[in-house]
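Participant: File follows, entry.txt with compact mmCIF, C-alpha atoms:
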```txt
# COMPACT_ATOMS: atom_id res chain seq x y z
CA MET A 1354 -106.39 -56.57 4.09
CA SER A 1355 -108.28 -57.51 0.93
CA GLU A 1356 -111.41 -55.78 2.27
CA LEU A 1357 -109.40 -52.62 2.94
CA ARG A 1358 -108.00 -52.63 -0.58
CA SER A 1359 -111.46 -53.20 -2.03
CA ALA A 1360 -112.79 -50.23 -0.07
CA LEU A 1361 -109.96 -48.06 -1.36
CA ASP A 1362 -110.66 -49.20 -4.92
CA GLU A 1363 -114.32 -48.22 -4.51
CA LEU A 1364 -113.29 -44.87 -3.09
CA ALA A 1365 -110.96 -44.19 -6.02
CA ALA A 1366 -113.80 -44.98 -8.44
CA ILE A 1367 -116.14 -42.27 -7.05
CA ASP A 1368 -116.93 -39.58 -9.59
CA LEU A 1369 -116.41 -36.41 -7.54
CA THR A 1370 -118.04 -34.25 -10.20
CA ASP A 1371 -121.40 -35.86 -9.39
CA LEU A 1372 -121.28 -34.82 -5.73
CA SER A 1373 -122.90 -31.69 -4.32
CA ASP A 1374 -120.74 -29.20 -2.46
CA ASP A 1375 -122.03 -30.38 0.93
CA THR A 1376 -121.48 -34.04 0.07
CA LEU A 1377 -118.00 -33.31 -1.25
CA LEU A 1378 -117.04 -31.44 1.93
CA ASP A 1379 -118.48 -34.26 4.07
CA LEU A 1380 -116.35 -36.70 2.10
CA VAL A 1381 -113.22 -34.61 2.69
CA GLY A 1382 -113.93 -34.52 6.42
CA GLU A 1383 -114.56 -38.26 6.55
CA LEU A 1384 -111.39 -38.99 4.62
CA SER A 1385 -109.41 -36.76 6.98
CA THR A 1386 -110.64 -38.76 9.97
CA THR A 1387 -109.94 -42.03 8.15
CA ALA A 1388 -106.41 -40.89 7.29
CA ASN A 1389 -105.81 -40.19 10.98
CA ARG A 1390 -107.05 -43.66 11.90
CA VAL A 1391 -104.84 -45.30 9.28
CA ALA A 1392 -101.84 -43.31 10.53
CA ALA A 1393 -102.60 -44.47 14.08
CA ALA A 1394 -102.86 -48.10 12.95
CA LEU A 1395 -99.55 -47.77 11.12
CA THR A 1396 -97.90 -46.29 14.21
CA THR A 1397 -99.21 -49.14 16.37
CA ALA A 1398 -98.04 -51.79 13.91
CA VAL A 1399 -94.63 -50.16 13.62
CA ARG A 1400 -94.31 -50.15 17.41
CA ALA A 1401 -95.15 -53.86 17.57
CA ALA A 1402 -92.54 -54.66 14.90
CA ASP A 1403 -90.02 -52.41 16.65
CA ARG A 1404 -90.58 -54.09 20.01
CA ARG A 1405 -90.10 -57.56 18.46
CA GLU A 1406 -87.13 -56.39 16.34
CA ALA A 1407 -88.85 -57.93 13.32
CA TYR A 1408 -86.72 -55.73 11.05
CA ARG A 1409 -83.76 -58.05 11.67
CA ARG A 1410 -85.39 -60.65 9.45
CA ASP A 1411 -84.63 -58.44 6.45
CA GLY A 1412 -81.13 -57.54 7.60
CA ALA A 1413 -82.01 -54.00 8.72
CA VAL A 1414 -80.21 -52.37 11.64
CA SER A 1415 -83.30 -50.63 13.05
CA MET A 1416 -87.01 -50.12 12.46
CA GLN A 1417 -86.26 -46.70 11.01
CA ALA A 1418 -83.83 -48.18 8.49
CA TRP A 1419 -86.34 -50.87 7.51
CA LEU A 1420 -89.10 -48.29 6.94
CA ARG A 1421 -86.79 -46.20 4.76
CA GLY A 1422 -85.77 -49.16 2.65
CA SER A 1423 -88.79 -51.43 2.54
CA CYS A 1424 -91.58 -48.83 2.67
CA ARG A 1425 -89.72 -45.96 1.02
CA MET A 1426 -90.51 -43.56 3.86
CA ALA A 1427 -88.66 -40.26 4.29
CA PRO A 1428 -86.11 -40.30 7.16
CA GLU A 1429 -87.96 -37.71 9.24
CA GLN A 1430 -91.21 -39.68 8.86
CA THR A 1431 -89.61 -42.91 10.04
CA THR A 1432 -88.14 -41.22 13.12
CA ALA A 1433 -91.46 -39.58 14.01
CA THR A 1434 -93.46 -42.81 13.53
CA VAL A 1435 -91.14 -44.97 15.63
CA SER A 1436 -90.71 -42.39 18.41
CA THR A 1437 -94.43 -41.61 18.57
CA GLY A 1438 -95.30 -45.30 18.82
CA ARG A 1439 -92.89 -45.84 21.70
CA ARG A 1440 -94.13 -42.90 23.77
CA LEU A 1441 -97.83 -43.42 23.11
CA GLU A 1442 -97.60 -46.58 25.22
CA GLN A 1443 -97.51 -44.29 28.28
CA LEU A 1444 -100.27 -41.99 26.99
CA PRO A 1445 -103.45 -44.07 26.58
CA GLU A 1446 -105.79 -41.07 26.21
CA THR A 1447 -103.74 -39.56 23.39
CA ALA A 1448 -103.38 -42.99 21.80
CA ALA A 1449 -107.15 -43.53 21.95
CA ALA A 1450 -107.87 -40.14 20.37
CA PHE A 1451 -105.37 -40.92 17.62
CA ALA A 1452 -106.84 -44.36 17.01
CA ALA A 1453 -110.35 -42.88 16.75
CA GLY A 1454 -109.17 -40.38 14.15
CA ALA A 1455 -110.00 -37.41 16.39
CA ILE A 1456 -106.41 -36.13 16.24
CA SER A 1457 -103.77 -36.34 13.56
CA ALA A 1458 -100.24 -37.74 13.49
CA ALA A 1459 -99.01 -34.14 13.83
CA HIS A 1460 -100.97 -33.70 17.08
CA ALA A 1461 -99.66 -37.00 18.44
CA ARG A 1462 -96.11 -36.06 17.53
CA VAL A 1463 -96.35 -32.64 19.22
CA ILE A 1464 -97.48 -34.28 22.47
CA THR A 1465 -95.18 -37.30 22.47
CA LYS A 1466 -92.08 -35.32 21.48
CA ALA A 1467 -92.42 -33.24 24.67
CA MET A 1468 -93.09 -36.28 26.87
CA THR A 1469 -89.47 -37.28 27.39
CA PRO A 1470 -88.64 -39.82 30.12
CA GLY A 1471 -86.84 -37.10 32.08
CA ARG A 1472 -89.84 -34.74 32.07
CA ILE A 1473 -92.22 -37.54 32.99
CA ALA A 1474 -89.98 -38.39 35.95
CA LYS A 1475 -89.86 -34.73 37.05
CA ALA A 1476 -93.65 -34.50 36.83
CA ALA A 1477 -93.98 -37.58 39.04
CA GLU A 1478 -91.62 -36.04 41.61
CA MET A 1479 -93.81 -32.93 41.67
CA GLY A 1480 -96.95 -35.01 42.17
CA ILE A 1481 -98.31 -34.25 38.70
CA ASP A 1482 -100.37 -37.18 37.51
CA LEU A 1483 -99.34 -38.35 34.04
CA GLY A 1484 -102.79 -39.77 33.35
CA GLU A 1485 -104.45 -36.44 34.11
CA THR A 1486 -101.93 -34.59 31.91
CA ASP A 1487 -102.49 -37.11 29.12
CA GLY A 1488 -106.25 -36.50 29.27
CA ILE A 1489 -105.90 -32.71 29.25
CA LEU A 1490 -103.52 -32.68 26.28
CA ALA A 1491 -105.64 -35.20 24.36
CA ASP A 1492 -108.71 -32.98 24.83
CA LEU A 1493 -106.70 -29.95 23.75
CA ALA A 1494 -105.55 -31.76 20.60
CA ARG A 1495 -109.16 -32.74 19.78
CA ALA A 1496 -110.19 -29.08 19.88
CA THR A 1497 -107.23 -27.27 18.30
CA ALA A 1498 -104.83 -27.32 15.37
CA PRO A 1499 -101.36 -28.80 15.92
CA HIS A 1500 -99.61 -25.44 16.38
CA GLU A 1501 -102.17 -24.44 19.03
CA THR A 1502 -101.74 -27.78 20.75
CA ALA A 1503 -97.99 -27.10 20.76
CA ARG A 1504 -98.58 -23.92 22.79
CA GLY A 1505 -100.39 -25.90 25.46
CA VAL A 1506 -97.64 -28.51 25.48
CA LYS A 1507 -95.02 -25.77 25.96
CA GLU A 1508 -96.95 -24.45 28.97
CA TRP A 1509 -96.85 -27.93 30.51
CA VAL A 1510 -93.12 -28.20 29.81
CA ALA A 1511 -92.50 -24.79 31.40
CA GLY A 1512 -94.35 -25.86 34.55
CA VAL A 1513 -92.67 -29.25 34.85
CA ASP A 1514 -89.24 -28.43 33.51
CA PRO A 1515 -88.54 -24.69 34.02
CA ASP A 1516 -84.92 -25.23 33.02
CA GLY A 1517 -86.04 -26.76 29.75
CA THR A 1518 -85.03 -23.68 27.81
CA LEU A 1519 -81.53 -24.07 29.22
CA ASP A 1520 -81.53 -27.67 28.09
CA ASP A 1521 -82.66 -26.54 24.66
CA ALA A 1522 -79.84 -24.01 24.54
CA ALA A 1523 -77.35 -26.70 25.53
CA ASP A 1524 -78.58 -28.94 22.73
CA VAL A 1525 -75.90 -28.62 20.05
CA ARG A 1526 -77.22 -31.42 17.89
CA ARG A 1527 -77.46 -30.49 14.22
CA ARG A 1528 -79.60 -32.11 11.58
CA PHE A 1529 -79.45 -31.65 7.85
CA SER A 1530 -81.00 -33.69 5.07
CA MET A 1531 -81.09 -33.44 1.29
CA ALA A 1532 -83.67 -35.16 -0.89
CA SER A 1533 -83.77 -35.36 -4.67
CA GLY A 1534 -87.29 -34.54 -5.88
CA LEU A 1535 -89.15 -36.10 -8.76
CA ASP A 1536 -88.79 -32.84 -10.69
CA GLY A 1537 -84.99 -32.95 -10.57
CA ARG A 1538 -84.75 -30.29 -7.88
CA VAL A 1539 -82.96 -30.97 -4.59
CA HIS A 1540 -84.85 -30.13 -1.39
CA LEU A 1541 -83.01 -29.15 1.81
CA ARG A 1542 -84.20 -29.43 5.38
CA GLY A 1543 -82.50 -29.14 8.73
CA GLU A 1544 -81.82 -27.28 11.94
CA LEU A 1545 -78.71 -25.97 13.70
CA ASP A 1546 -77.91 -24.82 17.20
CA ALA A 1547 -77.43 -21.07 17.63
CA ALA A 1548 -73.63 -21.13 17.34
CA GLY A 1549 -73.67 -23.45 14.33
CA GLY A 1550 -76.23 -21.28 12.62
CA GLU A 1551 -74.07 -18.20 13.26
CA TYR A 1552 -71.06 -19.85 11.61
CA LEU A 1553 -73.08 -20.69 8.52
CA HIS A 1554 -74.80 -17.31 8.41
CA SER A 1555 -71.46 -15.48 8.60
CA ALA A 1556 -69.93 -17.59 5.83
CA LEU A 1557 -72.93 -17.16 3.57
CA GLY A 1558 -73.10 -13.46 4.35
CA ALA A 1559 -69.51 -13.00 3.20
CA LEU A 1560 -70.22 -14.72 -0.11
CA MET A 1561 -73.54 -12.91 -0.57
CA ASN A 1562 -72.28 -9.41 0.10
CA GLY A 1563 -68.57 -9.51 -0.67
CA ASP A 1564 -68.98 -9.26 -4.43
CA ARG A 1565 -72.54 -8.30 -5.26
CA PRO A 1566 -72.80 -6.97 -8.82
CA ALA A 1567 -74.72 -3.80 -9.60
CA GLY A 1568 -78.30 -4.39 -10.67
CA ASP A 1569 -78.54 -7.77 -8.88
CA THR A 1570 -82.26 -8.53 -8.74
CA ARG A 1571 -82.06 -11.85 -6.90
CA SER A 1572 -84.09 -12.18 -3.72
CA HIS A 1573 -82.39 -12.73 -0.35
CA ALA A 1574 -83.32 -16.43 -0.45
CA GLU A 1575 -81.93 -16.81 -3.98
CA ARG A 1576 -78.66 -15.10 -3.05
CA GLN A 1577 -78.35 -17.22 0.06
CA ALA A 1578 -78.87 -20.43 -1.94
CA ASP A 1579 -76.25 -19.35 -4.50
CA ALA A 1580 -73.85 -18.60 -1.65
CA LEU A 1581 -74.36 -22.06 -0.17
CA VAL A 1582 -73.50 -23.69 -3.50
CA ALA A 1583 -70.47 -21.40 -3.85
CA LEU A 1584 -69.34 -22.41 -0.37
CA ALA A 1585 -69.48 -26.09 -1.35
CA ARG A 1586 -67.72 -25.50 -4.69
CA GLY A 1587 -64.97 -23.54 -2.97
CA ALA A 1588 -64.39 -26.36 -0.50
CA LEU A 1589 -64.19 -28.94 -3.30
CA ASP A 1590 -61.94 -26.80 -5.49
CA GLY A 1591 -59.68 -25.80 -2.61
CA GLY A 1592 -58.51 -29.35 -1.96
CA SER A 1593 -58.79 -29.02 1.81
CA LEU A 1594 -61.47 -31.69 2.22
CA PRO A 1595 -60.39 -35.20 3.29
CA ASP A 1596 -60.01 -37.89 0.64
CA VAL A 1597 -62.86 -40.37 0.28
CA ARG A 1598 -61.92 -43.97 -0.46
CA GLY A 1599 -58.49 -42.87 -1.61
CA GLU A 1600 -59.76 -40.19 -3.99
CA ARG A 1601 -60.20 -36.46 -3.73
CA PRO A 1602 -63.95 -35.72 -3.38
CA HIS A 1603 -65.52 -34.58 -6.61
CA VAL A 1604 -68.81 -34.17 -8.45
CA ARG A 1605 -69.33 -37.19 -10.70
CA VAL A 1606 -71.28 -36.86 -13.93
CA THR A 1607 -72.10 -39.93 -16.00
CA ILE A 1608 -73.09 -39.51 -19.63
CA ASP A 1609 -72.85 -41.57 -22.78
CA TRP A 1610 -69.87 -40.44 -24.90
CA PHE A 1611 -72.07 -40.00 -27.96
CA ALA A 1612 -74.50 -37.84 -25.95
CA LEU A 1613 -71.62 -35.75 -24.62
CA CYS A 1614 -70.39 -35.04 -28.16
CA ALA A 1615 -73.83 -34.60 -29.77
CA ALA A 1616 -75.11 -31.23 -30.94
CA ARG A 1617 -77.41 -29.20 -28.70
CA GLY A 1618 -81.01 -30.40 -29.06
CA ALA A 1619 -80.05 -33.47 -31.12
CA PRO A 1620 -83.01 -35.90 -31.24
CA GLY A 1621 -82.77 -39.27 -29.52
CA VAL A 1622 -79.93 -38.23 -27.19
CA ALA A 1623 -80.31 -39.31 -23.57
CA GLY A 1624 -79.27 -37.09 -20.70
CA GLY A 1625 -76.58 -37.64 -18.15
CA SER A 1626 -76.73 -38.47 -14.47
CA LEU A 1627 -75.19 -37.03 -11.33
CA GLY A 1628 -73.80 -39.45 -8.80
CA TRP A 1629 -76.33 -38.54 -6.10
CA ALA A 1630 -78.95 -36.16 -7.50
CA GLY A 1631 -79.79 -38.37 -10.49
CA PRO A 1632 -80.75 -37.57 -14.11
CA ILE A 1633 -79.84 -34.25 -15.71
CA ASN A 1634 -80.28 -32.69 -19.12
CA PRO A 1635 -77.50 -33.46 -21.68
CA GLU A 1636 -76.64 -29.76 -21.89
CA THR A 1637 -76.21 -29.59 -18.11
CA ALA A 1638 -73.81 -32.54 -18.31
CA ARG A 1639 -71.86 -30.79 -21.07
CA ARG A 1640 -71.66 -27.62 -18.97
CA LEU A 1641 -70.23 -29.51 -16.03
CA ALA A 1642 -67.80 -31.31 -18.34
CA CYS A 1643 -66.37 -27.97 -19.54
CA ASP A 1644 -64.28 -27.68 -16.37
CA ALA A 1645 -63.65 -31.29 -15.48
CA SER A 1646 -61.44 -34.25 -16.13
CA VAL A 1647 -63.10 -36.99 -18.19
CA ALA A 1648 -62.68 -40.67 -17.37
CA ARG A 1649 -63.97 -43.32 -19.73
CA VAL A 1650 -65.80 -46.30 -18.25
CA ILE A 1651 -66.07 -48.93 -20.98
CA THR A 1652 -66.72 -52.61 -20.57
CA GLY A 1653 -64.80 -53.50 -23.73
CA PRO A 1654 -61.09 -54.33 -23.96
CA ASP A 1655 -60.11 -50.83 -25.16
CA GLY A 1656 -61.50 -49.00 -22.16
CA LEU A 1657 -60.64 -49.02 -18.46
CA PRO A 1658 -59.49 -52.43 -17.17
CA LEU A 1659 -62.48 -53.98 -15.46
CA ASP A 1660 -60.76 -57.26 -14.62
CA VAL A 1661 -57.34 -57.18 -13.00
CA GLY A 1662 -57.21 -60.93 -12.52
CA ARG A 1663 -56.65 -63.20 -9.56
CA ALA A 1664 -53.43 -61.56 -8.42
CA GLN A 1665 -55.17 -58.55 -6.89
CA ARG A 1666 -57.75 -58.73 -4.11
CA THR A 1667 -58.45 -55.02 -3.75
CA SER A 1668 -60.40 -53.29 -6.50
CA SER A 1669 -58.41 -50.78 -8.51
CA THR A 1670 -59.60 -47.21 -8.84
CA ALA A 1671 -60.81 -48.07 -12.36
CA ILE A 1672 -62.90 -51.02 -11.19
CA ARG A 1673 -64.31 -49.12 -8.23
CA ARG A 1674 -65.28 -46.19 -10.45
CA ALA A 1675 -67.05 -48.51 -12.88
CA ILE A 1676 -68.93 -50.26 -10.06
CA GLU A 1677 -69.96 -46.93 -8.52
CA VAL A 1678 -71.34 -45.77 -11.85
CA ARG A 1679 -73.30 -49.00 -12.24
CA ASP A 1680 -74.61 -49.50 -8.69
CA ALA A 1681 -74.87 -45.87 -7.44
CA HIS A 1682 -75.39 -47.00 -3.80
CA CYS A 1683 -75.32 -50.03 -1.51
CA VAL A 1684 -77.11 -52.81 -3.40
CA PHE A 1685 -78.47 -54.63 -0.32
CA ALA A 1686 -82.28 -54.59 -0.44
CA GLY A 1687 -83.71 -51.42 1.07
CA CYS A 1688 -80.37 -49.65 1.57
CA ASP A 1689 -79.40 -46.42 -0.18
CA ALA A 1690 -76.04 -45.74 1.49
CA PRO A 1691 -73.94 -43.64 -0.94
CA PRO A 1692 -70.76 -45.00 -2.59
CA GLU A 1693 -68.57 -43.06 -0.15
CA TRP A 1694 -69.83 -45.30 2.66
CA CYS A 1695 -69.43 -48.55 0.74
CA ASP A 1696 -66.86 -51.29 0.20
CA VAL A 1697 -66.53 -53.27 -3.03
CA HIS A 1698 -67.74 -56.75 -2.11
CA HIS A 1699 -66.66 -59.90 -3.98
CA VAL A 1700 -69.94 -61.68 -4.83
CA VAL A 1701 -67.96 -64.89 -5.21
CA HIS A 1702 -65.27 -64.54 -2.57
CA TRP A 1703 -61.69 -64.08 -3.72
CA ALA A 1704 -60.62 -67.07 -1.64
CA HIS A 1705 -63.18 -69.23 -3.47
CA GLY A 1706 -61.90 -68.34 -6.91
CA GLY A 1707 -63.89 -65.16 -7.51
CA PRO A 1708 -62.06 -62.59 -9.66
CA THR A 1709 -61.51 -58.96 -8.73
CA SER A 1710 -63.68 -57.59 -11.50
CA CYS A 1711 -66.63 -55.36 -12.20
CA ASP A 1712 -68.92 -58.33 -12.84
CA ASN A 1713 -67.97 -59.93 -9.52
CA GLY A 1714 -68.05 -56.70 -7.52
CA ALA A 1715 -70.89 -54.94 -5.70
CA LEU A 1716 -71.19 -51.88 -3.49
CA LEU A 1717 -72.12 -52.75 0.09
CA CYS A 1718 -72.10 -50.47 3.12
CA GLU A 1719 -70.20 -51.71 6.15
CA ARG A 1720 -73.34 -52.97 7.91
CA HIS A 1721 -74.51 -55.02 4.96
CA HIS A 1722 -71.03 -56.12 3.97
CA THR A 1723 -70.91 -57.70 7.42
CA SER A 1724 -74.39 -59.17 6.89
CA CYS A 1725 -73.23 -60.90 3.71
CA HIS A 1726 -70.09 -62.35 5.31
CA GLU A 1727 -70.84 -63.05 8.96
CA GLY A 1728 -74.64 -62.87 8.74
CA GLY A 1729 -75.24 -65.39 5.96
CA PHE A 1730 -77.14 -63.05 3.62
CA THR A 1731 -76.32 -63.23 -0.09
CA ILE A 1732 -76.72 -60.91 -3.08
CA ARG A 1733 -76.99 -61.75 -6.75
CA ARG A 1734 -77.24 -59.57 -9.85
CA ASP A 1735 -79.62 -60.53 -12.64
CA PRO A 1736 -77.53 -60.22 -15.84
CA GLY A 1737 -80.68 -59.73 -17.90
CA THR A 1738 -82.17 -56.79 -15.97
CA GLY A 1739 -79.07 -55.59 -14.11
CA ARG A 1740 -81.06 -55.56 -10.86
CA TRP A 1741 -79.61 -56.82 -7.59
CA HIS A 1742 -81.52 -59.33 -5.46
CA THR A 1743 -80.91 -59.99 -1.75
CA TYR A 1744 -81.56 -63.32 -0.02
CA ARG A 1745 -81.86 -64.17 3.65
CA PRO A 1746 -79.80 -66.98 5.19
CA ASP A 1747 -82.77 -69.34 4.65
CA GLY A 1748 -82.71 -68.61 0.91
CA THR A 1749 -85.88 -66.49 0.73
CA GLU A 1750 -85.65 -63.20 -1.12
CA ILE A 1751 -86.14 -59.84 0.59
CA LEU A 1752 -88.86 -58.00 -1.32
CA SER A 1753 -90.41 -54.57 -0.87
CA ARG A 1754 -93.34 -54.56 1.54
CA ALA A 1755 -94.76 -51.33 0.18
CA GLY A 1756 -96.90 -53.02 -2.46
CA PRO A 1757 -97.07 -52.22 -6.18
```
Show the structure stored in the file as structure tokens.

Facilitator:
Amino acid sequence: MSELRSALDELAAIDLTDLSDDTLLDLVGELSTTANRVAAALTTAVRAADRREAYRRDGAVSMQAWLRGSCRMAPEQTTATVSTGRRLEQLPETAAAFAAGAISAAHARVITKAMTPGRIAKAAEMGIDLGETDGILADLARATAPHETARGVKEWVAGVDPDGTLDDAADVRRRFSMASGLDGRVHLRGELDAAGGEYLHSALGALMNGDRPAGDTRSHAERQADALVALARGALDGGSLPDVRGERPHVRVTIDWFALCAARGAPGVAGGSLGWAGPINPETARRLACDASVARVITGPDGLPLDVGRAQRTSSTAIRRAIEVRDAHCVFAGCDAPPEWCDVHHVVHWAHGGPTSCDNGALLCERHHTSCHEGGFTIRRDPGTGRWHTYRPDGTEILSRAGP
């Protein structure tokens, strides 16, 4: 590992301005092959850890969850890496091409995603040799871009599983993800079945076209995005959504009281923060506060009561709100479950003398709440830094594996 890091350090130190065009292009090609080989090595290592269930050592429920938390991978990347690793075990030619850097992770994913156990079984019944198919698709991937490889894979699927399109039509699974970007924007990604997409399209179409002002210069995509936000706001304002943890769902904005009251553009004034999307400009927080109820969260005696004493085991709304503002998500190492999925855990158990208070409370999702009670894991908050630390039953701390 130290040799690999040294090589990467040397690579980072290369002055690209000193290279000729040919040398620079050769370097890009070599790095592309190397990136493929590294991705293949990662996939193989992930498969080994998945097979051994090594993720349980850090209290994770699956290899995908461990990769999201400990390596900070995106959800779709974790799913692709784990699934590709599992299916490559039956495709040695594709695995070898991937390991050699001749094909990319995208190529490997295109092939392995189509190689479901059911299709492999159908191919065997038809006398189609899986090894021969593996070799043909690996050669195709070596010679073509991923989207071209996908065409060849679809031809194989059509020959082996002619009813596959019917299966695809019967697939009503829906996927939707939201990710907060480093620039403060929120990025959406997902897919719906045909009927689900029609429902959404009809609802958005009504909002887009029902009251379109004259001279509207927004593009179709911009109008559709505005309609989606309006759909969500209407649902929240209408009061028809189910309560979450005893409260009506709402958008939560956290901002220092002084910042909320400060003049526009005042120097030295920090911004606010949205419960999920993160930091926002002070003026944005003020705009949202124009049509909102304001709840103070103060740790002093004149604010919300943060300690309701020994008589009450369940956290009050005031205490829960304060803990949500402070923790923002499940505090177990590597977990980012939102507050809506979490319980308020007594760090020192109520039965052992622990008070029902903000200082003794922590957000934990159901899985990790169970880990801390039945599983023997413990959490502790550093009063100096405010950071939570998680410890295994043997007392060792769970730390990020992703490096500095």

Participant: Between CA of Thr1607 (chain A) and CA of Ser1626 (chain A), what is the distance in Å, rounded to a tenth?

Facilitator: 5.1 Å

Participant: Separation of CA of Asp1696 (chain A) and CA of His1722 (chain A), in Å?

Facilitator: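 About the pair CA of Asp1696 (chain A) and CA of His1722 (chain A): they are 7.4 Å apart.
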
Participant: Could you give me, as JSON, numbers by chain, the residues that sit within 7 Å of (-75.1, -61.9, -5.5) in the file's coordinates, counting all atoms listed in the file?

Facilitator: {"A": [1700, 1731, 1732, 1733, 1734, 1742]}

Participant: Which residue out of A:Val1701, A:Ala1559, A:Val1684, A:Ile1608 has the minimum interatomic distance to Gly1739 (chain A) when all atoms listed in the file are used?

Facilitator: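 So, comparing all the options, the nearest one is A:Val1684.
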
Participant: Considering all atoms listed in the file, return as a ChimeraX atom specification whatever protein or nucleic-acid residues lie within 10 Å of region 1454-1466 of chain A, sequence-local ones (same chain, fewer than 4 positions apart) excluded.

Facilitator: /A:1383-1393,1396,1433-1434,1436-1444,1447-1450,1487,1490-1507

Participant: Taking all atoms listed in the file into account, name the residue in A:Ala1675, A:Arg1409, A:Val1414, A:Asp1689 that is nearest to Ser1710 (chain A).

Facilitator: A:Ala1675

Participant: For Cys1424 (chain A), find every residue with an atom within 6 Å (counting only C-alpha atoms), except residues of its own chain fewer than 3 positions away, and show them as a list in words.

Facilitator: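 Surrounding residues, per the criterion: Leu1420, Arg1421 and Ala1755 of chain A.
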
Participant: Considering all atoms listed in the file, can you say which of A:Arg1605, A:Glu1356, A:Asp1411, A:Thr1431 comes closest to Thr1743 (chain A)?

Facilitator: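 Residue with the minimum atom-to-atom distance to Thr1743 (chain A): A:Asp1411.
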
Participant: Between A:Ala1681, A:Val1597, A:Leu1627, A:Ile1473, which is the closest to Gly1537 (chain A) once you count all atoms listed in the file?

Facilitator: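 Closest to Gly1537 (chain A), using all atoms listed in the file: A:Leu1627.
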
Participant: Measuring atom to atom with only C-alpha atoms, identify which of A:Ile1367, A:Cys1718, A:Arg1404, A:Phe1611 is nearest to Leu1380 (chain A).

Facilitator: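 Distance minimum relative to Leu1380 (chain A) lands on A:Ile1367.
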
Participant: Figure out the distance between CA of Met1354 (chain A) and CA of Met1416 (chain A), please, to one decimal in Å.

Facilitator: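 Separating CA of Met1416 (chain A) from CA of Met1354 (chain A) is a distance of 22.1 Å.
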
Participant: Measuring between only C-alpha atoms, which one of A:Leu1535, A:Leu1752, A:Ala1453, A:Ala1690 shows the shortest distance to Arg1720 (chain A)?

Facilitator: A:Ala1690

Participant: If we count all atoms listed in the file, what is near Ile1481 (chain A) at a cut-off of 12 Å, once residues fewer than 2 positions away on the same chain are taken out, given as a list in words?

Facilitator: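 My reading of the contact set: Arg1472, Ile1473, Ala1474, Lys1475, Ala1476, Ala1477, Glu1478, Met1479, Leu1483, Gly1484, Glu1485, Thr1486, Asp1487, Trp1509, Val1510, Gly1512, Val1513 and Asp1514 of chain A.
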
Participant: Quick one: everything within 8 Å of Leu1613 (chain A), counting all atoms listed in the file, minus sequence neighbours fewer than 4 positions away in the same chain. Send it as a CSV table (one decimal) with C-alpha atoms, keeping the file's coordinate frame.

Facilitator:
```csv
chain,number,residue,atom,x,y,z
A,1608,ILE,CA,-73.1,-39.5,-19.6
A,1609,ASP,CA,-72.8,-41.6,-22.8
A,1635,PRO,CA,-77.5,-33.5,-21.7
A,1638,ALA,CA,-73.8,-32.5,-18.3
A,1639,ARG,CA,-71.9,-30.8,-21.1
```

Participant: Can you find the residues with an atom no farther than 8 Å from (-72.2, -40.4, -7.2), counting only C-alpha atoms, and report them as an MDAnalysis selection string?

Facilitator: chainID A and resid 1604:1606 1627:1630 1677:1678 1681 1691:1692

Participant: For C-alpha atoms, I'd like the residues from the last selection saved as a short mmCIF file (atom, residue, chain, number, x, y, z; two decimals), in the coordinates of the input.

Facilitator:
```cif
data_model
loop_
_atom_site.label_atom_id
_atom_site.label_comp_id
_atom_site.auth_asym_id
_atom_site.auth_seq_id
_atom_site.Cartn_x
_atom_site.Cartn_y
_atom_site.Cartn_z
CA VAL A 1604 -68.81 -34.17 -8.45
CA ARG A 1605 -69.33 -37.19 -10.70
CA VAL A 1606 -71.28 -36.86 -13.93
CA LEU A 1627 -75.19 -37.03 -11.33
CA GLY A 1628 -73.80 -39.45 -8.80
CA TRP A 1629 -76.33 -38.54 -6.10
CA ALA A 1630 -78.95 -36.16 -7.50
CA GLU A 1677 -69.96 -46.93 -8.52
CA VAL A 1678 -71.34 -45.77 -11.85
CA ALA A 1681 -74.87 -45.87 -7.44
CA PRO A 1691 -73.94 -43.64 -0.94
CA PRO A 1692 -70.76 -45.00 -2.59
#
```
